[in-house]
>>> print(open('data10.cif').read())   # mmCIF, C-alpha atoms; chains and numbers go by the auth columns
data_entry
loop_
_atom_site.group_PDB
_atom_site.id
_atom_site.type_symbol
_atom_site.label_atom_id
_atom_site.label_comp_id
_atom_site.label_asym_id
_atom_site.label_seq_id
_atom_site.Cartn_x
_atom_site.Cartn_y
_atom_site.Cartn_z
_atom_site.B_iso_or_equiv
_atom_site.auth_seq_id
_atom_site.auth_asym_id
ATOM 1 C CA MET A 1 -4.668 1.620 9.355 0.00 1 S
ATOM 2 C CA THR A 2 -1.669 -0.689 9.291 0.00 2 S
ATOM 3 C CA GLN A 3 -0.137 -1.487 12.669 0.00 3 S
ATOM 4 C CA GLY A 4 2.862 -3.381 13.933 0.00 4 S
ATOM 5 C CA PRO A 5 5.818 -4.363 11.796 0.00 5 S
ATOM 6 C CA ALA A 6 3.965 -3.739 8.540 0.00 6 S
ATOM 7 C CA GLY A 7 3.274 -0.119 9.476 0.00 7 S
ATOM 8 C CA THR A 8 6.878 0.399 10.450 0.00 8 S
ATOM 9 C CA LEU A 9 8.064 -1.052 7.166 0.00 9 S
ATOM 10 C CA LEU A 10 5.747 1.207 5.161 0.00 10 S
ATOM 11 C CA ALA A 11 6.986 4.255 7.090 0.00 11 S
ATOM 12 C CA VAL A 12 10.599 3.323 6.391 0.00 12 S
ATOM 13 C CA LEU A 13 9.796 2.819 2.704 0.00 13 S
ATOM 14 C CA MET A 14 8.324 6.315 2.528 0.00 14 S
ATOM 15 C CA LEU A 15 11.388 7.832 4.203 0.00 15 S
ATOM 16 C CA VAL A 16 13.676 6.031 1.764 0.00 16 S
ATOM 17 C CA ALA A 17 11.528 7.183 -1.166 0.00 17 S
ATOM 18 C CA ILE A 18 11.816 10.805 -0.003 0.00 18 S
ATOM 19 C CA LEU A 19 15.601 10.454 0.239 0.00 19 S
ATOM 20 C CA LEU A 20 15.746 8.896 -3.227 0.00 20 S
ATOM 21 C CA ILE A 21 13.757 11.811 -4.661 0.00 21 S
ATOM 22 C CA VAL A 22 15.964 14.434 -3.007 0.00 22 S
ATOM 23 C CA PHE A 23 19.264 12.847 -3.977 0.00 23 S
ATOM 24 C CA GLY A 24 17.989 11.872 -7.427 0.00 24 S
ATOM 25 C CA ILE A 25 17.203 15.513 -8.152 0.00 25 S
ATOM 26 C CA ARG A 26 20.635 16.512 -6.825 0.00 26 S
ATOM 27 C CA MET A 27 22.337 13.984 -9.111 0.00 27 S
ATOM 28 C CA ILE A 28 20.410 15.231 -12.138 0.00 28 S
ATOM 29 C CA ALA A 29 21.430 18.802 -11.272 0.00 29 S
ATOM 30 C CA ARG A 30 25.089 17.708 -11.091 0.00 30 S
ATOM 31 C CA GLY A 31 24.891 16.199 -14.559 0.00 31 S
ATOM 32 C CA GLU A 32 24.498 12.517 -13.708 0.00 32 S
ATOM 33 C CA ARG A 33 21.186 12.267 -15.497 0.00 33 S
ATOM 34 C CA ARG A 34 21.007 8.484 -15.862 0.00 34 S
ATOM 35 C CA ASN A 35 21.653 7.605 -12.215 0.00 35 S
ATOM 36 C CA GLY A 36 19.419 10.412 -10.967 0.00 36 S
ATOM 37 C CA SER A 37 16.525 9.372 -13.166 0.00 37 S
ATOM 38 C CA LEU A 38 16.876 5.753 -12.045 0.00 38 S
ATOM 39 C CA MET A 39 16.673 6.923 -8.441 0.00 39 S
ATOM 40 C CA LEU A 40 13.488 8.854 -9.231 0.00 40 S
ATOM 41 C CA VAL A 41 11.939 5.821 -10.944 0.00 41 S
ATOM 42 C CA CYS A 42 12.818 3.657 -7.930 0.00 42 S
ATOM 43 C CA ALA A 43 11.175 6.204 -5.622 0.00 43 S
ATOM 44 C CA LEU A 44 8.015 6.186 -7.744 0.00 44 S
ATOM 45 C CA VAL A 45 7.857 2.394 -7.560 0.00 45 S
ATOM 46 C CA MET A 46 8.242 2.518 -3.775 0.00 46 S
ATOM 47 C CA VAL A 47 5.500 5.129 -3.394 0.00 47 S
ATOM 48 C CA GLY A 48 3.253 3.058 -5.664 0.00 48 S
ATOM 49 C CA ASN A 49 3.837 -0.039 -3.556 0.00 49 S
ATOM 50 C CA VAL A 50 3.018 1.838 -0.358 0.00 50 S
ATOM 51 C CA ALA A 51 -0.154 3.200 -1.972 0.00 51 S
ATOM 52 C CA ILE A 52 -1.229 -0.295 -3.006 0.00 52 S
ATOM 53 C CA TRP A 53 -0.580 -1.772 0.455 0.00 53 S
ATOM 54 C CA THR A 54 -2.456 0.977 2.282 0.00 54 S
ATOM 55 C CA MET A 55 -5.600 0.846 0.126 0.00 55 S
#
>>> encode(input="data10.cif", output="C-alpha coordinates")
Amino acid sequence: MTQGPAGTLLAVLMLVAILLIVFGIRMIARGERRNGSLMLVCALVMVGNVAIWTM
(Lines of atoms letter the chains of each structure in order from A and count residues from 1; the text may use other names and numbers.)
(Lines give C-alpha, C1' and ligand atoms only; values in the text may rest on other atoms or scores of the structure.)
Protein backbone atom coordinates (compact mmCIF):
# COMPACT_ATOMS: atom_id res chain seq x y z
CA MET A 1 0.00 0.00 0.00
CA THR A 2 1.29 3.43 -0.94
CA GLN A 3 1.39 5.98 1.88
CA GLY A 4 2.21 9.63 2.23
CA PRO A 5 2.38 12.07 -0.65
CA ALA A 6 2.54 9.32 -3.27
CA GLY A 7 -0.75 7.82 -2.08
CA THR A 8 -2.39 11.22 -2.11
CA LEU A 9 -1.18 11.87 -5.63
CA LEU A 10 -2.51 8.53 -6.87
CA ALA A 11 -5.90 9.24 -5.27
CA VAL A 12 -6.06 12.64 -6.95
CA LEU A 13 -5.12 11.08 -10.29
CA MET A 14 -7.99 8.62 -9.97
CA LEU A 15 -10.46 11.40 -9.15
CA VAL A 16 -9.29 13.39 -12.16
CA ALA A 17 -9.57 10.29 -14.37
CA ILE A 18 -13.17 9.76 -13.23
CA LEU A 19 -13.99 13.39 -14.03
CA LEU A 20 -12.35 13.08 -17.45
CA ILE A 21 -14.44 9.98 -18.21
CA VAL A 22 -17.70 11.63 -17.15
CA PHE A 23 -17.13 14.88 -19.02
CA GLY A 24 -15.61 13.09 -22.02
CA ILE A 25 -18.80 11.07 -22.41
CA ARG A 26 -20.86 14.25 -22.03
CA MET A 27 -18.84 15.97 -24.76
CA ILE A 28 -19.26 13.02 -27.12
CA ALA A 29 -23.02 13.09 -26.47
CA ARG A 30 -23.10 16.82 -27.31
CA GLY A 31 -21.40 16.18 -30.64
CA GLU A 32 -17.82 17.17 -29.81
CA ARG A 33 -16.48 13.75 -30.64
CA ARG A 34 -12.81 14.65 -31.04
CA ASN A 35 -12.38 16.48 -27.73
CA GLY A 36 -14.45 13.91 -25.85
CA SER A 37 -12.45 11.00 -27.21
CA LEU A 38 -9.18 12.73 -26.32
CA MET A 39 -10.45 13.14 -22.77
CA LEU A 40 -11.28 9.43 -22.61
CA VAL A 41 -7.82 8.49 -23.92
CA CYS A 42 -6.21 10.76 -21.32
CA ALA A 43 -8.27 9.09 -18.58
CA LEU A 44 -7.17 5.64 -19.77
CA VAL A 45 -3.53 6.71 -19.65
CA MET A 46 -3.98 8.03 -16.11
CA VAL A 47 -5.66 4.82 -14.93
CA GLY A 48 -2.88 2.80 -16.56
CA ASN A 49 -0.23 4.85 -14.77
CA VAL A 50 -1.96 4.37 -11.42
CA ALA A 51 -2.20 0.63 -12.08
CA ILE A 52 1.51 0.44 -12.88
CA TRP A 53 2.52 2.41 -9.76
CA THR A 54 0.36 0.34 -7.42
CA MET A 55 1.56 -3.07 -8.65
>>> resolve_selection(input="data10.cif", expression="the PyMOL selection byres ((chain S and resi 39) around 9)", output="list in words")
Ala17, Leu20, Ile21, Phe23, Gly24, Ile25, Arg34, Asn35, Gly36, Ser37, Leu38, Leu40, Val41, Cys42, Ala43 and Leu44 of chain S
>>> atom_distance(input="data10.cif", atom1="atom CA of Met14 of chain S", atom2="atom CA of Met46 of chain S")
7.4 Å
>>> atom_distance(input="data10.cif", atom1="atom CA of Val12 of chain S", atom2="atom CA of Met55 of chain S")
17.5 Å
>>> axis_aligned_box(input="data10.cif", around="segment 7-16 of chain S", padding_each_side="6 Å", output="AutoDock Vina command-line options")
--center_x 8.5 --center_y 3.4 --center_z 6.1 --size_x 22.4 --size_y 20.9 --size_z 20.7
>>> atom_distance(input="data10.cif", atom1="atom CA of Val50 of chain S", atom2="atom CA of Leu9 of chain S")
9.5 Å
>>> residues_around(input="data10.cif", residues="segment 51-53 of chain S", least_positions_apart="6", cutoff="10 Å", atoms="only C-alpha atoms", output="PyMOL selection string")
chain S and resi 2+6-7+10+45
